[in-house]
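To start, the structure under review is shown below, and the notes come after it.
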Amino acid sequence: MVAKSKSDKKETASQNKGEMQKMRFNTFVVDGDKYRTLLTEKFKNRKKWEYPDERKIYSEIPGTIIKIHVEEGQEVKEGDLMMILEAMKMKNKILFTSDGVVKKIHIKESEKIPKGKLIMELK
Amino acid sequence: MSLKRKILELQKKREKVLQGGGEKAIEKQVAMGKMTARERIITLLDENSFHEYDLFVEHEARDFNMDKKILHGDGVIIGTGTIFGAPICIYAQDFTVAGGSLGLMHARKITKIMDHAMKMRVPIIGINDSGGARIQEGVNSLAGYGEIFYRNTTASGVIPQISVILGPCAGGAVYSPALTDFVFVVDKISKMFITGPEVIKTVLGEEISMEDLGGARVHSEITGNAHFYAESEIECFDKIKELITYIPWNNGQKARPFEPKDPKPEFKIDEIVPGNPKEPYDVRDVIRGITDGSEFFEIQELWARNIVIGFGRINGETVGFVCNQPLVLAGVLDVDCSDKAARFIRYCDAFNIPIVTLVDLPGYLPGVDQEHAGVIRHGAKVLYAYSEATVPKITVILRKAYGGGYIAMNSRHLNADFVFAWPGAEIAVMGPEGAANIIFRKEIMSAKDPEKMRKQKVKEYKQKFANPYVAAAKGYVDSVIEPKETRKLLLHAIEVSKNKVDRKPIKKHGIPPF
C-alpha cells in the first residue's frame with residue numbers, strides 16, 4: 001500500500017548555508033582539540049565547580065529562619081545547634097558539622113532564605 | 001412509541017450532550033485561544049471518520065452535591081477514526097465540562113479506548129486539557145490515573161502512543177504523557193508541571209509564572225519532556241498527521257511504504273562536510289542529501305541539539321536517523337543527548353524501523369557538571385540501546401569518531417550490521433592534539449623547541465591514525481565510500497537486511513541504566 005506524500009516545506013540547502021554564514025561560533029575544547037561550534041544556553045549556564053569551603057555554610061533547602069542560636073564571635077563545636085529553619089512545613093534543627101568560631105552571620109530571624117544562600121562563616 | 005419518535009429522542013439526547021459544558025464554558029475556552037475538544041478531534045482526523053463512543057456516560061459521584069450535577073460525557077470524548085486512512089483510537093479531555101477534571105467514569109472512558117486500541121493494535125492519541133483530579137471524587141480519581149498509567153506501560157512498545165498537551169496537565173496527570181512515545185506541545189497553551197506556581201510559592205518562596213515553570217518552550221528546550229513544539233493547534237495537528245505517516249500501526253508491522261523519490265539536487269552531499277574536523281556544519285543537510293525528497297521529520301529539535309534524531313525515508317521506507325550535530329557543542333555526547341538518542345533508538349527497535357547513524361563527534365563532553373550529573377550512567381544508555389536493538393543498524397562515519405564516542409555510536413563492536421566510512425573519517429582514541437601530547441610527551445618536553453616538536457608530532461599522529469584505513473584494515477569498517485555513494489549503499493543495506501534475524505537470549509527483560 002502506498003500512502004500519499006506531503007510536500008516538503010523545509011528550508012532549502014542554499015538558505016541553510018546563508019544562515020550558517022551569519023552564525024557566530026565559539027571555540028570549544030575537547031581533549032586539547034579546539035572546535036568551532038555553537039554553545040547551548042544550558043552549557044553556558046552550567047554551574048562552575050568550586051572546591052567546597054568548610055568555613056562557609058550555605059542553606060541546603062529554602063525556608064524561614066525561626067531562631068538563630070549562636071552569636072558572632074561564639075565558639076561552636078560539631079553537633080551544636082545553629083538555628084531552627086522552617087522548611088516544607090517542618091521546623092528543622094540545623095546543627096554545626098565542624099568546630100570553629102562564628103565569624104559572620106548573614107541571616108536574620110524570620111527571614112525567608114532561598115537554597116544555596118551563604119548563612120554563616122566560621123574561622 | 002414509534003421508531004420514528006425514538007429516533008427523534010436519540011437525536012435530541014445527542015444534541016444536548018454534544019454541547020459539552022455549554023455556551024458560556026465554550027466561550028471561555030475560545031477566549032483562551034483554544035479549540036474545543038470535539039473541534040480538535042474533527043480537525044485532526046480524516047473528514048467524517050470520527051465515531052464517538054460513550055457519549056451518554058454519566059458519573060456516579062454522590063458526595064458534595066455531585067449527584068445534582070450533570071457532566072456531559074463526564075468531561076472526555078473518546079472514539080475511533082482515521083488519519084490518512086490509518087486507524088486511530090483517540091480521546092480528548094473537554095475542559096468546558098468541569099474543567100476537564102478526571103473522575104472515575106472519565107478515567108473509565110479513557111481506559112476503555114486504550115484497551116480498545118490494544119485489542120485492535122492501532123495507535124492511540126490522547127489530547128490532554130484538564131484541571132487535574134476531580135477532588136469531589138477523592139481516591140476514585142487517583143485510581144483512575146493509576147489505571148491509565150498501567151495501560152500506558154503495558155501498551156508501550158506494542159502500539160504507538162501519542163500525547164497532545166492542549167491546556168493544563170498538572171500533578172499526577174503529567175505521568176501519562178511521560179509514559180507515552182511522543183508528546184506534542186503548543187506555545188502559550190500547553191502547561192505541564194508536578195506542582196504549580198502557587199505551591200512552589202508557599203512552600204519554597206520562589207515566584208514563577210506557569211509559562212516559565214512548565215510552558216511549551218520549557219519542555220521543548222530545557223526538560224526534553226516534549227518531542228514536538230508548535231506555534232498553534234493547527235500546526236500541531238499537521239505535525240501529528242505527518243508523524244503518523246512515518247510509523248507503523250503496531251509492533252507487528254512496518255510503517256507503510258511511500259513512493260520512492262530522489263533527494264533534491266541542491267543538497268550536494270559531497271560539499272557539505274568541511275575537510276577540517278574542527279569546522280562546523282549542519283548534519284541535517286547531510287540527512288537531506290540522503291533521504292527521499294530531502295524530507296526529514298525531526299524529533300526534539302530544540303532540546304539537546306548536539307544530537308539530531310528523526311525520521312526520513314530511503315527508497316520509500318521509514319528509517320530513524322541518529323546523528324551527531326557538529327554545529328552544536330561540536331556534536332559531543334552528554335547527559336541530555338544520550339538520553340534523547342537512547343530512547344529514540346529503542347522506539348525504532350520496538351517498531352521495526354531501521355536505524356541509520358551518522359557519526360562525527362569528538363567524544364563525551366568533559367566537565368565536573370557532566371560527571372556529577374551522571375554522564376556515566378546516562379552515556380551507558382546509548383551503548384545499551386544500540387547493543388540491544390535488533391532492527392537493521394547501519395552506521396556512516398562522516399568525519400571524526402574519537403574514543404568512547406566512536407564505540408557508542410553504533411560501532412561494529414556493538415553489533416552494527418553495516419559500517420561505512422567516508423574518506424575523511426578519523427577513527428582514533430582521541431583527537432590529534434590531545435593524543436600527541438600524551439604519546440610524545442617526553443620527546444616534546446626534551447626538545448629544543450617544544451612547540452615545533454609538538455606540531456611535528458601532531459602531524460605525524462594525524463598521518464598515522466587520523467584516517468579510516470586503520471579501522472578498515474581490521475574489518476571494523478566494512479567499506480570506505482565516497483559521500484555520493486552513501487544513499488545507494490544505504491538503500492542496498494536496507495534491502496539486504498530485510499530478512500535480518502538477530503535473536504537475543506530469552507529473558508524477562510534487561511536492566512537498562514535508567
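Ligands are numbered from 1 in the order shown, chains are lettered A, B, ... in the order of the C-alpha cells, and residues start at 1 in each chain.
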Inset, instruction - Tell me, as a PyMOL selection string, which residues lie within 8 Å of Arg121 in chain B, counting only C-alpha atoms; anything in the same chain fewer than 5 positions away does not count. - result: chain B and resi 158-159+249-250
Inset, instruction - For range 425-432 of chain B, list every protein, DNA or RNA residue within 9 Å, evaluated using only C-alpha atoms, and leave out those in the same chain fewer than 5 positions away; present the list as a PyMOL selection string. - result: (chain A and resi 30-33) or (chain B and resi 277+360+362-363+397-404+406+437+457-462+465-471+480)
Legend entry - alpha helix (DSSP H) positions in chain A, given as a ChimeraX atom specification: /A:13-22,41-44
Those selected residues, please, written with C-alpha atoms and delivered as a PDB file, in the first residue's frame.
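File written: out_23.pdb
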ATOM      1  CA  ALA A  13      20.196  23.876   1.224  1.00  0.00           C
ATOM      2  CA  SER A  14      21.232  27.314  -0.005  1.00  0.00           C
ATOM      3  CA  GLN A  15      19.061  29.061   2.612  1.00  0.00           C
ATOM      4  CA  ASN A  16      20.717  26.952   5.254  1.00  0.00           C
ATOM      5  CA  LYS A  17      24.179  27.880   4.008  1.00  0.00           C
ATOM      6  CA  GLY A  18      23.315  31.563   4.227  1.00  0.00           C
ATOM      7  CA  GLU A  19      22.213  31.060   7.827  1.00  0.00           C
ATOM      8  CA  MET A  20      25.454  29.264   8.677  1.00  0.00           C
ATOM      9  CA  GLN A  21      27.472  32.246   7.462  1.00  0.00           C
ATOM     10  CA  LYS A  22      25.589  34.527   9.837  1.00  0.00           C
ATOM     11  CA  GLU A  41      22.295  28.029  26.926  1.00  0.00           C
ATOM     12  CA  LYS A  42      22.467  25.061  29.267  1.00  0.00           C
ATOM     13  CA  PHE A  43      26.194  24.690  28.659  1.00  0.00           C
ATOM     14  CA  LYS A  44      26.825  28.405  29.099  1.00  0.00           C
TER      15      LYS A  44
END
At most 7 Å to chain A: residues in chain B, only C-alpha atoms, as a PDB file with N, CA and C atoms, in the first residue's frame:
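Result saved to selection01.pdb:
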ATOM      1  N   VAL B 203       5.510  26.948  49.627  1.00  0.00           N
ATOM      2  CA  VAL B 203       6.459  26.048  50.268  1.00  0.00           C
ATOM      3  C   VAL B 203       7.881  26.566  50.188  1.00  0.00           C
ATOM      4  N   LEU B 204       8.268  27.087  49.037  1.00  0.00           N
ATOM      5  CA  LEU B 204       9.670  27.432  48.822  1.00  0.00           C
ATOM      6  C   LEU B 204       9.944  28.925  48.715  1.00  0.00           C
ATOM      7  N   ARG B 256       4.011   2.113   6.655  1.00  0.00           N
ATOM      8  CA  ARG B 256       3.574   1.970   5.269  1.00  0.00           C
ATOM      9  C   ARG B 256       4.574   2.617   4.319  1.00  0.00           C
ATOM     10  N   PRO B 257       4.936   1.907   3.232  1.00  0.00           N
ATOM     11  CA  PRO B 257       5.920   2.491   2.301  1.00  0.00           C
ATOM     12  C   PRO B 257       5.319   3.611   1.471  1.00  0.00           C
ATOM     13  N   PHE B 258       6.143   4.539   1.076  1.00  0.00           N
ATOM     14  CA  PHE B 258       5.751   5.645   0.203  1.00  0.00           C
ATOM     15  C   PHE B 258       6.367   5.427  -1.173  1.00  0.00           C
ATOM     16  N   GLU B 259       5.936   6.235  -2.116  1.00  0.00           N
ATOM     17  CA  GLU B 259       6.542   6.214  -3.450  1.00  0.00           C
ATOM     18  C   GLU B 259       7.992   6.707  -3.318  1.00  0.00           C
ATOM     19  N   GLU B 266      19.757  20.140  -4.798  1.00  0.00           N
ATOM     20  CA  GLU B 266      20.521  21.206  -4.129  1.00  0.00           C
ATOM     21  C   GLU B 266      21.256  20.725  -2.872  1.00  0.00           C
ATOM     22  N   PHE B 267      20.877  19.567  -2.359  1.00  0.00           N
ATOM     23  CA  PHE B 267      21.619  19.040  -1.206  1.00  0.00           C
ATOM     24  C   PHE B 267      22.779  18.183  -1.731  1.00  0.00           C
ATOM     25  N   LYS B 278      37.543  20.258  12.697  1.00  0.00           N
ATOM     26  CA  LYS B 278      37.194  21.204  13.764  1.00  0.00           C
ATOM     27  C   LYS B 278      36.187  22.245  13.293  1.00  0.00           C
ATOM     28  N   GLU B 279      35.824  22.180  12.022  1.00  0.00           N
ATOM     29  CA  GLU B 279      34.880  23.156  11.470  1.00  0.00           C
ATOM     30  C   GLU B 279      33.449  22.619  11.540  1.00  0.00           C
ATOM     31  N   PRO B 280      32.488  23.517  11.826  1.00  0.00           N
ATOM     32  CA  PRO B 280      31.097  23.069  11.976  1.00  0.00           C
ATOM     33  C   PRO B 280      30.348  22.951  10.645  1.00  0.00           C
ATOM     34  N   ASP B 285      21.749  18.774   6.800  1.00  0.00           N
ATOM     35  CA  ASP B 285      21.940  18.891   5.351  1.00  0.00           C
ATOM     36  C   ASP B 285      22.416  17.560   4.769  1.00  0.00           C
ATOM     37  N   GLU B 295      13.378  15.040   2.559  1.00  0.00           N
ATOM     38  CA  GLU B 295      12.479  15.302   3.683  1.00  0.00           C
ATOM     39  C   GLU B 295      13.055  14.693   4.951  1.00  0.00           C
ATOM     40  N   PRO B 326      27.694  18.462  14.609  1.00  0.00           N
ATOM     41  CA  PRO B 326      28.900  19.274  14.846  1.00  0.00           C
ATOM     42  C   PRO B 326      28.602  20.762  14.999  1.00  0.00           C
ATOM     43  N   LEU B 327      27.403  21.175  14.599  1.00  0.00           N
ATOM     44  CA  LEU B 327      27.025  22.587  14.704  1.00  0.00           C
ATOM     45  C   LEU B 327      26.870  23.020  16.161  1.00  0.00           C
ATOM     46  N   VAL B 328      26.477  22.104  17.029  1.00  0.00           N
ATOM     47  CA  VAL B 328      26.211  22.449  18.421  1.00  0.00           C
ATOM     48  C   VAL B 328      27.118  21.624  19.340  1.00  0.00           C
ATOM     49  N   LEU B 329      27.875  22.322  20.191  1.00  0.00           N
ATOM     50  CA  LEU B 329      28.816  21.676  21.111  1.00  0.00           C
ATOM     51  C   LEU B 329      29.694  20.647  20.385  1.00  0.00           C
ATOM     52  N   ALA B 330      30.031  20.950  19.148  1.00  0.00           N
ATOM     53  CA  ALA B 330      30.884  20.090  18.310  1.00  0.00           C
ATOM     54  C   ALA B 330      30.338  18.669  18.180  1.00  0.00           C
ATOM     55  N   PRO B 362      33.629  14.425  18.775  1.00  0.00           N
ATOM     56  CA  PRO B 362      34.931  14.393  19.419  1.00  0.00           C
ATOM     57  C   PRO B 362      34.960  13.529  20.683  1.00  0.00           C
ATOM     58  N   PRO B 366      33.541  16.739  28.395  1.00  0.00           N
ATOM     59  CA  PRO B 366      34.241  16.751  29.673  1.00  0.00           C
ATOM     60  C   PRO B 366      33.663  17.810  30.614  1.00  0.00           C
ATOM     61  N   VAL B 368      33.040  18.812  35.239  1.00  0.00           N
ATOM     62  CA  VAL B 368      32.571  18.355  36.548  1.00  0.00           C
ATOM     63  C   VAL B 368      31.051  18.210  36.554  1.00  0.00           C
ATOM     64  N   ASP B 369      30.355  19.200  35.943  1.00  0.00           N
ATOM     65  CA  ASP B 369      28.887  19.166  35.977  1.00  0.00           C
ATOM     66  C   ASP B 369      28.369  17.913  35.293  1.00  0.00           C
ATOM     67  N   GLY B 431      41.480  13.017  19.618  1.00  0.00           N
ATOM     68  CA  GLY B 431      41.899  13.955  18.583  1.00  0.00           C
ATOM     69  C   GLY B 431      43.417  14.063  18.546  1.00  0.00           C
ATOM     70  N   GLU B 433      45.641  16.542  18.696  1.00  0.00           N
ATOM     71  CA  GLU B 433      46.344  17.383  19.668  1.00  0.00           C
ATOM     72  C   GLU B 433      46.518  16.657  21.002  1.00  0.00           C
ATOM     73  N   GLY B 434      45.421  16.185  21.521  1.00  0.00           N
ATOM     74  CA  GLY B 434      45.444  15.513  22.817  1.00  0.00           C
ATOM     75  C   GLY B 434      46.311  14.271  22.781  1.00  0.00           C
TER      76      GLY B 434
END
Legend entry - Atomic distance CA of Lys119 in chain B - CA of Glu317 in chain B, expressed in Å with one decimal: 26.3 Å
